[in-house]
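So this one's upload-v1.txt, compact mmCIF, C-alpha atoms:
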# COMPACT_ATOMS: atom_id res chain seq x y z
CA MET U 1 0.00 0.00 0.00
CA THR U 2 0.90 3.63 -0.14
CA ASP U 3 1.97 3.76 3.52
CA HIS U 4 5.55 3.22 2.55
CA HIS U 5 5.47 5.60 -0.36
CA ASP U 6 6.14 9.25 -0.26
CA ILE U 7 2.71 10.82 0.21
CA LYS U 8 3.82 14.06 -1.41
CA SER U 9 4.59 12.34 -4.70
CA GLU U 10 1.27 10.49 -4.36
CA VAL U 11 -0.53 13.82 -4.09
CA ARG U 12 1.21 15.09 -7.22
CA ARG U 13 0.06 11.96 -9.01
CA TYR U 14 -3.54 12.52 -7.86
CA LEU U 15 -3.51 15.99 -9.35
CA ILE U 16 -2.14 14.71 -12.66
CA VAL U 17 -4.86 12.05 -12.75
CA PHE U 18 -7.45 14.75 -11.96
CA ALA U 19 -6.26 16.79 -14.95
CA ALA U 20 -6.30 13.69 -17.17
CA LEU U 21 -9.86 12.81 -16.10
CA GLY U 22 -11.05 16.34 -16.86
CA LEU U 23 -9.35 16.31 -20.24
CA LEU U 24 -10.77 12.89 -21.13
CA THR U 25 -14.27 14.07 -20.18
CA VAL U 26 -13.92 17.02 -22.56
CA ILE U 27 -12.57 14.69 -25.27
CA THR U 28 -15.45 12.21 -24.98
CA VAL U 29 -18.03 15.01 -25.14
CA THR U 30 -16.28 16.56 -28.15
CA ILE U 31 -16.25 13.20 -29.94
CA SER U 32 -20.00 12.86 -29.33
CA TYR U 33 -20.60 16.15 -31.18
CA LEU U 34 -18.86 14.77 -34.29
CA ARG U 35 -21.91 12.56 -34.96
CA LEU U 36 -19.81 9.56 -35.94
CA PRO U 37 -21.47 6.29 -37.02
CA LEU U 38 -22.91 4.52 -33.97
CA ARG U 39 -20.42 1.65 -33.94
CA VAL U 40 -17.43 4.00 -34.01
CA ALA U 41 -19.03 6.28 -31.42
CA VAL U 42 -19.70 3.34 -29.06
CA VAL U 43 -16.15 2.00 -29.38
CA LEU U 44 -14.58 5.44 -28.81
CA ALA U 45 -16.86 6.36 -25.90
CA LEU U 46 -16.29 3.03 -24.17
CA PHE U 47 -12.55 3.24 -24.79
CA VAL U 48 -12.35 6.67 -23.15
CA ALA U 49 -14.60 5.50 -20.29
CA ILE U 50 -12.40 2.45 -19.68
CA VAL U 51 -9.26 4.63 -19.62
CA LYS U 52 -10.92 7.01 -17.14
CA ALA U 53 -12.19 4.16 -14.96
CA SER U 54 -8.74 2.55 -15.00
CA LEU U 55 -7.14 5.80 -13.84
CA VAL U 56 -9.62 6.08 -10.96
CA ALA U 57 -9.19 2.42 -9.99
CA ALA U 58 -5.40 2.39 -10.32
CA TYR U 59 -4.57 5.64 -8.52
CA PHE U 60 -7.51 6.80 -6.39
CA MET U 61 -8.41 3.26 -5.32
CA HIS U 62 -4.72 2.29 -5.10
CA LEU U 63 -5.18 -0.83 -7.19
CA ILE U 64 -1.80 -0.21 -8.79
CA SER U 65 -0.18 -1.46 -5.57
CA GLU U 66 -2.66 -3.65 -3.73
CA LYS U 67 -2.58 -6.98 -1.96
CA LYS U 68 -3.11 -10.28 -3.75
CA ALA U 69 -6.36 -11.01 -1.92
CA ILE U 70 -8.02 -8.00 -3.53
CA TYR U 71 -6.70 -8.84 -7.01
CA ALA U 72 -8.07 -12.38 -6.63
CA LEU U 73 -11.44 -11.01 -5.55
CA LEU U 74 -11.56 -8.59 -8.46
CA ILE U 75 -10.57 -11.23 -11.01
CA LEU U 76 -13.50 -13.33 -9.82
CA ALA U 77 -15.81 -10.30 -10.05
CA ALA U 78 -14.49 -9.50 -13.54
CA VAL U 79 -15.13 -13.05 -14.77
CA LEU U 80 -18.69 -13.04 -13.39
CA PHE U 81 -19.28 -9.53 -14.76
CA SER U 82 -18.11 -10.62 -18.23
CA GLY U 83 -20.46 -13.59 -18.01
CA LEU U 84 -23.29 -11.25 -17.15
CA LEU U 85 -22.60 -9.06 -20.18
CA LEU U 86 -22.21 -12.06 -22.50
CA LEU U 87 -25.35 -13.78 -21.22
CA PRO U 88 -27.62 -12.15 -23.80
CA TYR U 89 -25.49 -13.60 -26.59
CA LEU U 90 -25.78 -17.20 -25.47
CA GLU U 91 -27.53 -19.44 -27.94
CA GLY U 92 -31.15 -19.90 -26.99
CA LEU U 93 -31.27 -16.69 -25.02
CA SER U 94 -30.84 -14.39 -27.99
CA VAL U 95 -33.13 -11.40 -28.29
CA PRO U 96 -34.61 -10.18 -31.59
CA HIS U 97 -31.88 -8.29 -33.39
CA GLY U 98 -34.15 -6.47 -35.75
CA THR U 99 -32.62 -7.78 -38.94
CA VAL U 100 -34.52 -8.03 -42.17
CA SER U 101 -35.66 -11.60 -42.69
CA PRO U 102 -33.49 -13.67 -45.10
CA LYS U 103 -36.31 -14.03 -47.61
CA GLY U 104 -36.46 -10.30 -48.05
CA GLY U 105 -39.68 -9.86 -46.18
CA SER U 106 -40.61 -6.94 -44.03
CA PRO U 107 -38.40 -6.05 -41.09
CA THR U 108 -39.08 -7.85 -37.86
CA VAL U 109 -40.22 -6.21 -34.66
CA GLY U 110 -36.82 -5.13 -33.52
CA THR U 111 -35.77 -3.04 -36.50
CA HIS U 112 -32.77 -0.85 -35.82
CA ALA U 113 -33.14 2.82 -36.32
CA GLU U 114 -30.18 3.81 -34.25
CA HIS U 115 -28.33 5.67 -36.96
CA GLU U 116 -31.07 8.17 -37.47
CA PRO U 117 -31.30 10.23 -34.33
CA ASP U 118 -33.61 12.75 -35.97
CA THR U 119 -36.26 10.14 -36.49
CA GLN U 120 -36.30 9.20 -32.85
CA LYS U 121 -38.51 11.69 -31.18
CA HIS U 122 -39.85 10.75 -27.83
CA GLN U 123 -43.46 9.81 -27.75
CA ASP U 124 -44.87 12.32 -25.35
CA GLN U 125 -47.80 10.13 -24.49
CA ASP U 126 -48.01 11.25 -20.91
CA GLY U 127 -47.78 14.95 -21.44
CA GLY U 128 -51.02 15.72 -19.70
CA HIS U 129 -50.38 13.62 -16.64
CA MET V 130 -14.83 -6.72 23.14
CA GLU V 131 -12.23 -5.31 20.80
CA ILE V 132 -12.89 -5.72 17.08
CA PRO V 133 -9.79 -7.39 15.64
CA TYR V 134 -7.72 -6.17 12.70
CA THR V 135 -9.06 -2.63 12.47
CA ILE V 136 -5.51 -1.33 12.09
CA GLN V 137 -3.13 -4.24 11.87
CA PRO V 138 -3.41 -6.35 8.73
CA ARG V 139 -4.39 -9.99 9.06
CA GLN V 140 -1.57 -12.33 8.21
CA ASP V 141 -3.55 -14.41 5.72
CA THR V 142 -5.07 -11.56 3.67
CA GLY V 143 -2.48 -8.89 4.33
CA LEU V 144 -5.36 -6.43 4.80
CA PHE V 145 -7.19 -4.83 7.69
CA ASN V 146 -10.66 -6.31 7.83
CA ALA V 147 -12.68 -3.27 6.80
CA LYS V 148 -10.74 -3.03 3.56
CA LEU V 149 -11.46 -6.61 2.58
CA GLY V 150 -15.07 -5.99 3.60
CA ILE V 151 -15.50 -2.93 1.39
CA TRP V 152 -13.93 -4.70 -1.60
CA LEU V 153 -16.30 -7.65 -1.16
CA PHE V 154 -19.16 -5.17 -1.08
CA LEU V 155 -17.86 -3.37 -4.17
CA ALA V 156 -17.56 -6.71 -5.99
CA SER V 157 -21.26 -7.29 -5.30
CA GLU V 158 -21.97 -3.76 -6.52
CA VAL V 159 -20.19 -4.56 -9.77
CA MET V 160 -22.70 -7.37 -10.25
CA LEU V 161 -25.65 -5.13 -9.38
CA PHE V 162 -24.73 -2.45 -11.90
CA GLY V 163 -23.47 -5.10 -14.31
CA ALA V 164 -26.92 -6.70 -14.37
CA LEU V 165 -28.47 -3.34 -15.22
CA PHE V 166 -25.89 -2.57 -17.91
CA SER V 167 -26.58 -6.01 -19.36
CA THR V 168 -30.29 -5.17 -19.32
CA TYR V 169 -29.53 -1.92 -21.10
CA ILE V 170 -27.68 -3.78 -23.86
CA ILE V 171 -30.52 -6.27 -24.34
CA MET V 172 -33.12 -3.52 -24.47
CA ARG V 173 -31.13 -1.32 -26.81
CA VAL V 174 -30.22 -4.12 -29.24
CA GLY V 175 -33.79 -5.34 -29.32
CA ALA V 176 -35.45 -1.94 -29.56
CA ALA V 177 -37.25 -0.81 -32.69
CA SER V 178 -35.78 2.62 -32.19
CA TRP V 179 -33.56 4.23 -29.60
CA PRO V 180 -33.06 7.94 -29.08
CA GLN V 181 -29.66 9.56 -29.21
CA GLY V 182 -29.00 10.47 -25.56
CA SER V 183 -28.18 14.08 -26.40
CA SER V 184 -31.58 14.52 -28.10
CA VAL V 185 -33.32 13.82 -24.79
CA LEU V 186 -30.80 14.79 -22.09
CA ASN V 187 -28.80 17.95 -21.55
CA VAL V 188 -25.16 17.11 -22.35
CA PRO V 189 -23.58 20.29 -20.87
CA ILE V 190 -25.35 19.63 -17.56
CA GLY V 191 -24.26 15.97 -17.64
CA THR V 192 -20.70 17.07 -18.39
CA PHE V 193 -20.80 19.53 -15.50
CA ASN V 194 -22.00 16.81 -13.15
CA THR V 195 -19.27 14.47 -14.39
CA LEU V 196 -16.64 17.09 -13.57
CA VAL V 197 -18.25 17.69 -10.16
CA LEU V 198 -18.07 13.99 -9.33
CA ILE V 199 -14.46 13.71 -10.55
CA SER V 200 -13.56 16.71 -8.37
CA SER V 201 -15.22 15.06 -5.37
CA SER V 202 -13.21 11.91 -6.01
CA VAL V 203 -9.95 13.88 -6.05
CA SER V 204 -10.83 15.78 -2.89
CA MET V 205 -11.75 12.44 -1.24
CA VAL V 206 -8.34 10.94 -1.91
CA MET V 207 -6.71 14.22 -0.81
CA ALA V 208 -8.67 14.03 2.46
CA TRP V 209 -7.11 10.62 3.06
CA ALA V 210 -3.63 11.77 2.03
CA SER V 211 -3.93 14.74 4.42
CA LEU V 212 -4.52 12.35 7.32
CA LYS V 213 -1.46 10.37 6.27
CA GLU V 214 0.49 13.63 6.48
CA ASN V 215 -1.11 14.45 9.84
CA LYS V 216 -2.73 17.60 8.44
CA TRP V 217 -6.08 17.59 10.21
CA LYS V 218 -7.31 20.98 8.98
CA MET V 219 -6.56 20.15 5.36
CA HIS V 220 -8.37 16.87 5.83
CA LYS V 221 -11.47 18.70 7.03
CA VAL V 222 -11.30 21.10 4.07
CA TYR V 223 -11.00 18.28 1.52
CA LEU V 224 -13.70 16.16 3.15
CA GLY V 225 -15.95 19.22 3.24
CA ILE V 226 -15.33 19.82 -0.47
CA THR V 227 -16.18 16.17 -1.19
CA ILE V 228 -19.53 16.47 0.62
CA LEU V 229 -20.32 19.78 -1.09
CA CYS V 230 -19.56 18.30 -4.51
CA ALA V 231 -21.78 15.32 -3.72
CA LEU V 232 -24.61 17.65 -2.72
CA ALA V 233 -24.07 19.75 -5.86
CA PHE V 234 -24.32 16.60 -7.97
CA LEU V 235 -27.65 15.73 -6.35
CA VAL V 236 -29.04 19.25 -6.74
CA VAL V 237 -28.20 19.25 -10.44
CA LYS V 238 -29.70 15.78 -10.81
CA THR V 239 -32.89 16.97 -9.09
CA PHE V 240 -33.18 19.84 -11.59
CA GLU V 241 -32.61 17.39 -14.44
CA TYR V 242 -35.31 15.05 -13.16
CA SER V 243 -37.83 17.83 -12.61
CA ALA V 244 -37.15 19.18 -16.12
CA LYS V 245 -37.89 15.72 -17.53
CA PHE V 246 -41.07 15.41 -15.47
CA SER V 247 -42.28 18.84 -16.54
CA HIS V 248 -41.83 17.75 -20.17
CA GLY V 249 -43.93 14.68 -19.52
CA LEU V 250 -40.97 12.31 -19.57
CA PHE V 251 -41.44 9.60 -16.95
CA PRO V 252 -40.02 6.09 -16.52
CA LYS V 253 -43.16 4.73 -18.19
CA THR V 254 -42.75 7.01 -21.21
CA SER V 255 -40.28 4.82 -23.07
CA THR V 256 -37.77 2.03 -22.57
CA TYR V 257 -34.97 4.61 -22.79
CA MET V 258 -36.50 6.77 -20.04
CA ALA V 259 -37.14 3.66 -17.93
CA ILE V 260 -33.51 2.56 -18.03
CA TYR V 261 -32.34 6.18 -17.64
CA PHE V 262 -34.31 6.69 -14.43
CA THR V 263 -33.42 3.22 -13.09
CA LEU V 264 -29.67 3.59 -13.62
CA THR V 265 -29.33 7.23 -12.58
CA GLY V 266 -31.79 6.71 -9.69
CA LEU V 267 -29.82 3.78 -8.32
CA HIS V 268 -26.64 5.80 -8.74
CA ALA V 269 -28.22 8.78 -6.94
CA ILE V 270 -29.17 6.48 -4.03
CA HIS V 271 -25.50 5.52 -3.82
CA VAL V 272 -24.54 9.20 -3.78
CA ILE V 273 -27.01 9.80 -0.92
CA GLY V 274 -25.55 6.82 0.98
CA GLY V 275 -22.08 8.27 0.48
CA ILE V 276 -23.16 11.67 1.77
CA VAL V 277 -24.58 10.10 4.93
CA VAL V 278 -21.35 8.25 5.73
CA LEU V 279 -19.09 11.16 4.74
CA SER V 280 -21.13 13.55 6.87
CA TYR V 281 -20.87 11.22 9.85
CA LEU V 282 -17.09 11.07 9.47
CA PHE V 283 -16.99 14.85 9.03
CA GLY V 284 -19.14 15.41 12.13
CA PRO V 285 -19.53 13.10 15.13
CA GLY V 286 -17.35 10.33 13.69
CA ALA V 287 -14.36 12.68 13.52
CA ARG V 288 -13.85 12.34 17.29
CA MET V 289 -12.07 9.06 16.66
CA TRP V 290 -9.09 10.96 15.24
CA LYS V 291 -8.15 12.02 18.78
CA THR V 292 -8.28 8.56 20.30
CA ARG V 293 -7.51 6.16 17.44
CA PRO V 294 -6.06 8.15 14.51
CA GLU V 295 -4.92 5.10 12.53
CA GLN V 296 -8.34 3.49 12.64
CA PHE V 297 -9.95 6.78 11.62
CA THR V 298 -7.55 7.05 8.67
CA ASN V 299 -8.54 3.53 7.64
CA ARG V 300 -12.22 4.49 7.85
CA ILE V 301 -11.58 7.43 5.55
CA GLU V 302 -9.74 5.14 3.14
CA VAL V 303 -12.62 2.66 3.13
CA VAL V 304 -15.33 5.26 2.54
CA GLY V 305 -13.04 6.70 -0.12
CA LEU V 306 -12.96 3.37 -1.94
CA TYR V 307 -16.76 3.35 -1.96
CA TRP V 308 -16.88 6.95 -3.15
CA HIS V 309 -14.43 6.30 -6.01
CA PHE V 310 -16.61 3.39 -7.07
CA VAL V 311 -19.63 5.69 -7.23
CA ASP V 312 -17.55 8.01 -9.45
CA LEU V 313 -16.45 5.04 -11.54
CA VAL V 314 -20.04 3.96 -12.20
CA TRP V 315 -20.92 7.48 -13.36
CA ILE V 316 -17.91 7.43 -15.72
CA PHE V 317 -19.76 4.68 -17.63
CA LEU V 318 -23.29 5.99 -17.12
CA PHE V 319 -22.50 9.39 -18.61
CA PRO V 320 -21.44 8.29 -22.12
CA VAL V 321 -23.92 5.41 -22.24
CA LEU V 322 -26.96 7.53 -21.39
CA TYR V 323 -26.01 11.04 -22.51
CA LEU V 324 -23.68 10.65 -25.46
CA LEU V 325 -24.56 7.47 -27.36

structure tokens encoding of this file:
Amino acid sequence: MTDHHDIKSEVRRYLIVFAALGLLTVITVTISYLRLPLRVAVVLALFVAIVKASLVAAYFMHLISEKKAIYALLILAAVLFSGLLLLPYLEGLSVPHGTVSPKGGSPTVGTHAEHEPDTQKHQDQDGGH
Amino acid sequence: MEIPYTIQPRQDTGLFNAKLGIWLFLASEVMLFGALFSTYIIMRVGAASWPQGSSVLNVPIGTFNTLVLISSSVSMVMAWASLKENKWKMHKVYLGITILCALAFLVVKTFEYSAKFSHGLFPKTSTYMAIYFTLTGLHAIHVIGGIVVLSYLFGPGARMWKTRPEQFTNRIEVVGLYWHFVDLVWIFLFPVLYLL
């Protein structure tokens, strides 16, 4: 742990991480204004978020120099978390992906319209309530 | 009866007990939020249409709140570092800043919610609004929980510094770990809900 480190240099590091987190926040917002294709936007946004989260975990939560017991615990959590995120993709549990049917029929229920933000106005069905 | 290993690390884990405890709790929190993120993915992939976050939510306000939460995280770790350096007054200043930032985050969130309600946007309005209110609501509950504990350690709980300074420092470290986790969750919530 940090007990044996020089706290003053730790503090300097915290301030550098603070600046980096602020900068990365500005970067991710700027990227969102570029209106990139959804896939690219998702990859970039998640990449920046993972970098930010790693900085917080490594330096503020001191994971860069922790004990083995905590690493073991987190590896277990990471494996279970990955399983949770992959669960929807398991065969037999798949959700409708909104693809056009192979025979060229009409789109199924879950048609994607994610690339057209302008067409996605919220249904203000409850305006009067 | 004395609670063991509040300061000294246990030989088998190498940690004082509260630290192992908070990490176990945070691991369970990962699963809680993970389940909701997984739900988000299922709903979004299966949805007929999904609004761009920025067409519904206010990105500048979300950005402001992100910066507020990051600032609170930095001041939290500085509050702990101040104790390590035996600077009690600086610790109080940093812990105070952390609590103020947390309150500011909640105030802004309240304004955001009320703006949505006044526009007739409720959890029942759409799948997007449902997952938005669920995720940000759960996160806000965590912020409130953090404020309660931080305020206790700022107020009555601070007495421990005089009698058992090392244990108090460990308490600040442990609540800090929780607080950084709350920040970490928001780091993902912000782009997922506001930007994509």

Would you give me, as a PyMOL selection string, the residues of chain V that come within 6 Å of chain U, using all atoms listed in the file?
chain V and resi 142+156+167+175-181+249+306+313+316-317+324

Skipping near chain neighbours, those fewer than 3 positions away, what residues fall within 12 Å of stretch 191-195 of chain V using all atoms listed in the file, listed as a CSV table (one decimal) with C-alpha atoms, keeping the file's coordinate frame?
chain,number,residue,atom,x,y,z
U,21,LEU,CA,-9.9,12.8,-16.1
U,22,GLY,CA,-11.0,16.3,-16.9
U,23,LEU,CA,-9.4,16.3,-20.2
U,24,LEU,CA,-10.8,12.9,-21.1
U,25,THR,CA,-14.3,14.1,-20.2
U,26,VAL,CA,-13.9,17.0,-22.6
U,27,ILE,CA,-12.6,14.7,-25.3
U,28,THR,CA,-15.4,12.2,-25.0
U,29,VAL,CA,-18.0,15.0,-25.1
U,30,THR,CA,-16.3,16.6,-28.2
U,32,SER,CA,-20.0,12.9,-29.3
U,49,ALA,CA,-14.6,5.5,-20.3
U,52,LYS,CA,-10.9,7.0,-17.1
V,182,GLY,CA,-29.0,10.5,-25.6
V,183,SER,CA,-28.2,14.1,-26.4
V,185,VAL,CA,-33.3,13.8,-24.8
V,186,LEU,CA,-30.8,14.8,-22.1
V,187,ASN,CA,-28.8,18.0,-21.6
V,188,VAL,CA,-25.2,17.1,-22.4
V,198,LEU,CA,-18.1,14.0,-9.3
V,199,ILE,CA,-14.5,13.7,-10.6
V,200,SER,CA,-13.6,16.7,-8.4
V,201,SER,CA,-15.2,15.1,-5.4
V,202,SER,CA,-13.2,11.9,-6.0
V,230,CYS,CA,-19.6,18.3,-4.5
V,231,ALA,CA,-21.8,15.3,-3.7
V,232,LEU,CA,-24.6,17.6,-2.7
V,233,ALA,CA,-24.1,19.8,-5.9
V,234,PHE,CA,-24.3,16.6,-8.0
V,235,LEU,CA,-27.6,15.7,-6.4
V,236,VAL,CA,-29.0,19.2,-6.7
V,237,VAL,CA,-28.2,19.2,-10.4
V,238,LYS,CA,-29.7,15.8,-10.8
V,239,THR,CA,-32.9,17.0,-9.1
V,240,PHE,CA,-33.2,19.8,-11.6
V,241,GLU,CA,-32.6,17.4,-14.4
V,242,TYR,CA,-35.3,15.0,-13.2
V,265,THR,CA,-29.3,7.2,-12.6
V,269,ALA,CA,-28.2,8.8,-6.9
V,311,VAL,CA,-19.6,5.7,-7.2
V,312,ASP,CA,-17.6,8.0,-9.4
V,313,LEU,CA,-16.4,5.0,-11.5
V,314,VAL,CA,-20.0,4.0,-12.2
V,315,TRP,CA,-20.9,7.5,-13.4
V,316,ILE,CA,-17.9,7.4,-15.7
V,317,PHE,CA,-19.8,4.7,-17.6
V,318,LEU,CA,-23.3,6.0,-17.1
V,319,PHE,CA,-22.5,9.4,-18.6
V,320,PRO,CA,-21.4,8.3,-22.1
V,321,VAL,CA,-23.9,5.4,-22.2
V,322,LEU,CA,-27.0,7.5,-21.4
V,323,TYR,CA,-26.0,11.0,-22.5
V,324,LEU,CA,-23.7,10.6,-25.5

Nearest residue to V:Ile171 out of V:Val206, V:Ile260, V:Val278, V:Leu250, using all atoms listed in the file?
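For V:Ile171, the nearest of the given residues is V:Ile260.
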
Please indicate the distance in Å from atom CA of V:His271 to atom CA of V:Leu212, rounded to one decimal place.
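A separation of 24.7 Å between them.
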
Can you tell me how far atom CA of V:His268 sits from atom CA of V:Glu158, in Å to one decimal?
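We find that atom CA of V:His268 and atom CA of V:Glu158 lie 10.9 Å from each other.
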
Can you tell me how far atom CA of V:Tyr281 sits from atom CA of V:Gly143, in Å to one decimal?
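Interatomic distance, atom CA of V:Tyr281 to atom CA of V:Gly143: 27.8 Å.
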
Counting only C-alpha atoms, which of V:Ala259, V:Met130, V:Ala244, V:Ile273 gets nearest to V:Trp308?
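Among the listed residues, the smallest separation from V:Trp308 belongs to V:Ile273.
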
Could you add whatever atoms are missing so that stretch 59-70 of chain U carries N, CA and C atoms, then write the result as an mmCIF file, in the frame of the given file?
data_model
loop_
_atom_site.group_PDB
_atom_site.id
_atom_site.type_symbol
_atom_site.label_atom_id
_atom_site.label_comp_id
_atom_site.auth_asym_id
_atom_site.auth_seq_id
_atom_site.Cartn_x
_atom_site.Cartn_y
_atom_site.Cartn_z
ATOM 1 N N TYR U 59 -5.213 4.639 -9.385
ATOM 2 C CA TYR U 59 -4.570 5.640 -8.520
ATOM 3 C C TYR U 59 -5.419 6.022 -7.316
ATOM 4 N N PHE U 60 -6.693 6.380 -7.539
ATOM 5 C CA PHE U 60 -7.510 6.800 -6.390
ATOM 6 C C PHE U 60 -7.837 5.604 -5.485
ATOM 7 N N MET U 61 -8.070 4.441 -6.116
ATOM 8 C CA MET U 61 -8.410 3.260 -5.320
ATOM 9 C C MET U 61 -7.181 2.410 -5.011
ATOM 10 N N HIS U 62 -6.022 2.917 -5.420
ATOM 11 C CA HIS U 62 -4.720 2.290 -5.100
ATOM 12 C C HIS U 62 -4.572 0.873 -5.635
ATOM 13 N N LEU U 63 -5.285 0.549 -6.690
ATOM 14 C CA LEU U 63 -5.180 -0.830 -7.190
ATOM 15 C C LEU U 63 -3.835 -1.104 -7.855
ATOM 16 N N ILE U 64 -3.102 -0.027 -8.135
ATOM 17 C CA ILE U 64 -1.800 -0.210 -8.790
ATOM 18 C C ILE U 64 -0.814 -0.904 -7.831
ATOM 19 N N SER U 65 -1.077 -0.792 -6.532
ATOM 20 C CA SER U 65 -0.180 -1.460 -5.570
ATOM 21 C C SER U 65 -1.011 -2.038 -4.430
ATOM 22 N N GLU U 66 -1.809 -3.038 -4.756
ATOM 23 C CA GLU U 66 -2.660 -3.650 -3.730
ATOM 24 C C GLU U 66 -2.202 -5.065 -3.368
ATOM 25 N N LYS U 67 -2.904 -5.626 -2.409
ATOM 26 C CA LYS U 67 -2.580 -6.980 -1.960
ATOM 27 C C LYS U 67 -3.228 -8.028 -2.865
ATOM 28 N N LYS U 68 -2.651 -9.202 -2.862
ATOM 29 C CA LYS U 68 -3.110 -10.280 -3.750
ATOM 30 C C LYS U 68 -4.573 -10.647 -3.519
ATOM 31 N N ALA U 69 -4.991 -10.605 -2.248
ATOM 32 C CA ALA U 69 -6.360 -11.010 -1.920
ATOM 33 C C ALA U 69 -7.378 -10.171 -2.699
ATOM 34 N N ILE U 70 -7.088 -8.880 -2.840
ATOM 35 C CA ILE U 70 -8.020 -8.000 -3.530
ATOM 36 C C ILE U 70 -7.984 -8.266 -5.038
#
